[in-house]
Amino acid sequence: MLQAARHSAIIDAVQRERVVRVSDLAQMLGVSAMTVRRDIEALEDSGRVERIHGGAKLPGDSSTHEPGFELKSTQLTEEKHAIAVEAARIVQQGMAIGLGAGTTTWALAKELVHGPRITVVTNSVRIADLFHHGASSGAGRFGSTVILIGGERTPSDALVGPIATSALKQLHLDALFLGVHGMDTQAGFTTPNLLEAETDRAFMASARSTIVLADHSKWGVTGIASIAQLEEADELITDSLLGEDARRVLAENVAKLTIAGKPSPPDGRQAVSAK
């Protein structure tokens, strides 16, 4: 494919998806990742895209753009499943856990529907529906209790705002599993929604520990609002495609970095590093 055609295809993909990965573009165009990176550099020089870690986005767009749930649920499904399986190992019978909104926490919920009896507090309409339909079909045979807090609904089907934060202040959770829009050395864990950031902070305050679930594409992405700094996470579970530089930075900041989808030690978990 000629360079002009590649550039046009990359711009079309970025405008359609808002954020695209180098690996996906390379597969789509039938060229090497190095060629795609050079194309992205040229397009950035002309102001048509902006480079991010591992991909490209619309210039100045991703800090406030919030993709809908349907689109996000079709992206990086294998990576999210691996993260969900790893996270599910933490959950034990009788725990009270929080599940923040998002497609990675939704993937975790799909694992937990078949798991031990627990209490789930969530601000995700999708997650609450998943447990409801699982119980109706007999999949959730252990009868977990699900509490859906109220609030204003976002494009990603999260309930946020003062009603949500007020409800969370009254609760005490064993663990919170939190999905994020992006993670960055300076900005920390972020979201494109101001009210969601406030709600997520209330979620964290209600939990004894916070486990962030974020695939490799979230590294280097910054939403408009910070939820927490990297060091405030008790654990980060990500996938094996996370780059070495990102692993080093995260391992130096989060209390525990776990890479899903790799052979695990005898206790069943793959801990990369701890502070």
# chains A, B, ... in the order shown; residues from 1 in each chain; ligands from 1
call {"tool": "residues_around", "arguments": {"residues": "region 25-30 of chain A", "least_positions_apart": "4", "cutoff": "7 Å", "atoms": "only C-alpha atoms", "output": "CSV table (one decimal) with N, CA, C and O atoms, in the first residue's frame"}}
result
chain,number,residue,atom,x,y,z
A,6,ARG,N,-2.0,4.7,3.0
A,6,ARG,CA,-1.9,4.3,4.5
A,6,ARG,C,-2.3,5.5,5.4
A,6,ARG,O,-3.0,5.3,6.3
A,21,ARG,N,-4.5,1.5,18.1
A,21,ARG,CA,-3.3,1.0,18.5
A,21,ARG,C,-2.4,0.7,17.2
A,21,ARG,O,-2.9,0.4,16.2
A,36,VAL,N,4.1,1.8,10.6
A,36,VAL,CA,2.9,2.5,11.1
A,36,VAL,C,3.4,3.6,12.0
A,36,VAL,O,2.9,4.7,12.0
call {"tool": "select_by_dssp", "arguments": {"residues": "region 16-212 of chain A", "states": "strand (DSSP E or B)", "output": "PyMOL selection string"}}
result
chain A and resi 19-21+50-52+55-57+96-99+119-122+124+145-148+152-153+158-160+173+175-179+182-184+188-191+207+210-212
call {"tool": "residues_around", "arguments": {"residues": "region 143-149 of chain A", "least_positions_apart": "5", "cutoff": "6 Å", "atoms": "only C-alpha atoms", "output": "ChimeraX atom specification"}}
result
/A:117-123,164
call {"tool": "write_last_selection", "arguments": {"atoms": "all heavy atoms", "output": "PDB file, in the first residue's frame"}}
result
ATOM      1  N   ARG A 117     -20.525 -16.895  46.757  1.00  0.00           N
ATOM      2  CA  ARG A 117     -21.541 -15.946  47.199  1.00  0.00           C
ATOM      3  C   ARG A 117     -20.866 -14.735  47.829  1.00  0.00           C
ATOM      4  O   ARG A 117     -20.117 -14.847  48.801  1.00  0.00           O
ATOM      5  CB  ARG A 117     -22.478 -16.608  48.212  1.00  0.00           C
ATOM      6  CG  ARG A 117     -23.612 -15.700  48.649  1.00  0.00           C
ATOM      7  CD  ARG A 117     -24.559 -16.413  49.568  1.00  0.00           C
ATOM      8  NE  ARG A 117     -25.652 -15.554  49.983  1.00  0.00           N
ATOM      9  CZ  ARG A 117     -26.644 -15.920  50.785  1.00  0.00           C
ATOM     10  NH1 ARG A 117     -26.658 -17.149  51.271  1.00  0.00           N
ATOM     11  NH2 ARG A 117     -27.594 -15.079  51.103  1.00  0.00           N
ATOM     12  N   ILE A 118     -21.145 -13.560  47.279  1.00  0.00           N
ATOM     13  CA  ILE A 118     -20.525 -12.317  47.734  1.00  0.00           C
ATOM     14  C   ILE A 118     -21.570 -11.207  47.719  1.00  0.00           C
ATOM     15  O   ILE A 118     -22.693 -11.397  47.246  1.00  0.00           O
ATOM     16  CB  ILE A 118     -19.339 -11.908  46.830  1.00  0.00           C
ATOM     17  CG1 ILE A 118     -19.802 -11.790  45.363  1.00  0.00           C
ATOM     18  CG2 ILE A 118     -18.185 -12.902  46.963  1.00  0.00           C
ATOM     19  CD1 ILE A 118     -18.732 -11.309  44.394  1.00  0.00           C
ATOM     20  N   THR A 119     -21.181 -10.055  48.223  1.00  0.00           N
ATOM     21  CA  THR A 119     -21.990  -8.844  48.079  1.00  0.00           C
ATOM     22  C   THR A 119     -21.267  -7.907  47.129  1.00  0.00           C
ATOM     23  O   THR A 119     -20.082  -7.606  47.336  1.00  0.00           O
ATOM     24  CB  THR A 119     -22.209  -8.152  49.436  1.00  0.00           C
ATOM     25  OG1 THR A 119     -22.952  -9.026  50.302  1.00  0.00           O
ATOM     26  CG2 THR A 119     -22.997  -6.858  49.256  1.00  0.00           C
ATOM     27  N   VAL A 120     -21.957  -7.484  46.099  1.00  0.00           N
ATOM     28  CA  VAL A 120     -21.373  -6.614  45.075  1.00  0.00           C
ATOM     29  C   VAL A 120     -22.048  -5.253  45.134  1.00  0.00           C
ATOM     30  O   VAL A 120     -23.276  -5.154  45.054  1.00  0.00           O
ATOM     31  CB  VAL A 120     -21.551  -7.214  43.662  1.00  0.00           C
ATOM     32  CG1 VAL A 120     -21.024  -6.242  42.599  1.00  0.00           C
ATOM     33  CG2 VAL A 120     -20.839  -8.557  43.551  1.00  0.00           C
ATOM     34  N   VAL A 121     -21.236  -4.211  45.269  1.00  0.00           N
ATOM     35  CA  VAL A 121     -21.723  -2.837  45.177  1.00  0.00           C
ATOM     36  C   VAL A 121     -21.166  -2.267  43.878  1.00  0.00           C
ATOM     37  O   VAL A 121     -19.958  -2.320  43.638  1.00  0.00           O
ATOM     38  CB  VAL A 121     -21.257  -1.984  46.367  1.00  0.00           C
ATOM     39  CG1 VAL A 121     -21.713  -0.537  46.192  1.00  0.00           C
ATOM     40  CG2 VAL A 121     -21.791  -2.557  47.674  1.00  0.00           C
ATOM     41  N   THR A 122     -22.035  -1.739  43.039  1.00  0.00           N
ATOM     42  CA  THR A 122     -21.573  -1.235  41.744  1.00  0.00           C
ATOM     43  C   THR A 122     -22.338   0.012  41.334  1.00  0.00           C
ATOM     44  O   THR A 122     -23.480   0.223  41.762  1.00  0.00           O
ATOM     45  CB  THR A 122     -21.714  -2.323  40.654  1.00  0.00           C
ATOM     46  OG1 THR A 122     -21.142  -1.845  39.427  1.00  0.00           O
ATOM     47  CG2 THR A 122     -23.177  -2.698  40.424  1.00  0.00           C
ATOM     48  N   ASN A 123     -21.704   0.819  40.516  1.00  0.00           N
ATOM     49  CA  ASN A 123     -22.384   1.956  39.898  1.00  0.00           C
ATOM     50  C   ASN A 123     -22.561   1.713  38.408  1.00  0.00           C
ATOM     51  O   ASN A 123     -22.815   2.638  37.648  1.00  0.00           O
ATOM     52  CB  ASN A 123     -21.605   3.254  40.131  1.00  0.00           C
ATOM     53  CG  ASN A 123     -20.260   3.270  39.429  1.00  0.00           C
ATOM     54  OD1 ASN A 123     -19.625   2.227  39.278  1.00  0.00           O
ATOM     55  ND2 ASN A 123     -19.812   4.446  39.029  1.00  0.00           N
ATOM     56  N   ALA A 164     -24.569   9.193  44.069  1.00  0.00           N
ATOM     57  CA  ALA A 164     -23.671   8.038  44.121  1.00  0.00           C
ATOM     58  C   ALA A 164     -22.641   8.188  45.246  1.00  0.00           C
ATOM     59  O   ALA A 164     -22.420   7.259  46.030  1.00  0.00           O
ATOM     60  CB  ALA A 164     -22.971   7.869  42.780  1.00  0.00           C
TER      61      ALA A 164
END
call {"tool": "residues_around", "arguments": {"residues": "region 207-224 of chain A", "least_positions_apart": "3", "cutoff": "7 Å", "atoms": "only C-alpha atoms", "output": "ChimeraX atom specification"}}
result
/A:52-54,62-64,79-80,83,104,172-184,187,190-192,203-204,233-239,241-242
call {"tool": "residues_around", "arguments": {"residues": "Ile227 (chain A)", "least_positions_apart": "4", "cutoff": "8 Å", "atoms": "only C-alpha atoms", "output": "PyMOL selection string"}}
result
chain A and resi 188-191+197-198+200-201
call {"tool": "atom_distance", "arguments": {"atom1": "CA of Ile40 (chain A)", "atom2": "CA of Pro155 (chain A)"}}
result
28.6 Å
call {"tool": "select_by_dssp", "arguments": {"residues": "region 3-246 of chain A", "states": "alpha helix (DSSP H)", "output": "PyMOL selection string"}}
result
chain A and resi 3-17+22-29+33-45+69-72+77-88+103-112+125-137+162-168+194-206+244-246
call {"tool": "closest_residue", "arguments": {"among": "A:Gly115, A:Ala225, A:Gln186, A:Val49", "to": "Val249 (chain A)", "atoms": "only C-alpha atoms"}}
result
A:Gln186
call {"tool": "closest_residue", "arguments": {"among": "A:His114, A:Ile97, A:Ser240, A:Thr35", "to": "Thr258 (chain A)", "atoms": "only C-alpha atoms"}}
result
A:Ser240
call {"tool": "closest_residue", "arguments": {"among": "A:Ser32, A:Ser23, A:Gln93, A:Thr199", "to": "Ala167 (chain A)", "atoms": "only C-alpha atoms"}}
result
A:Thr199
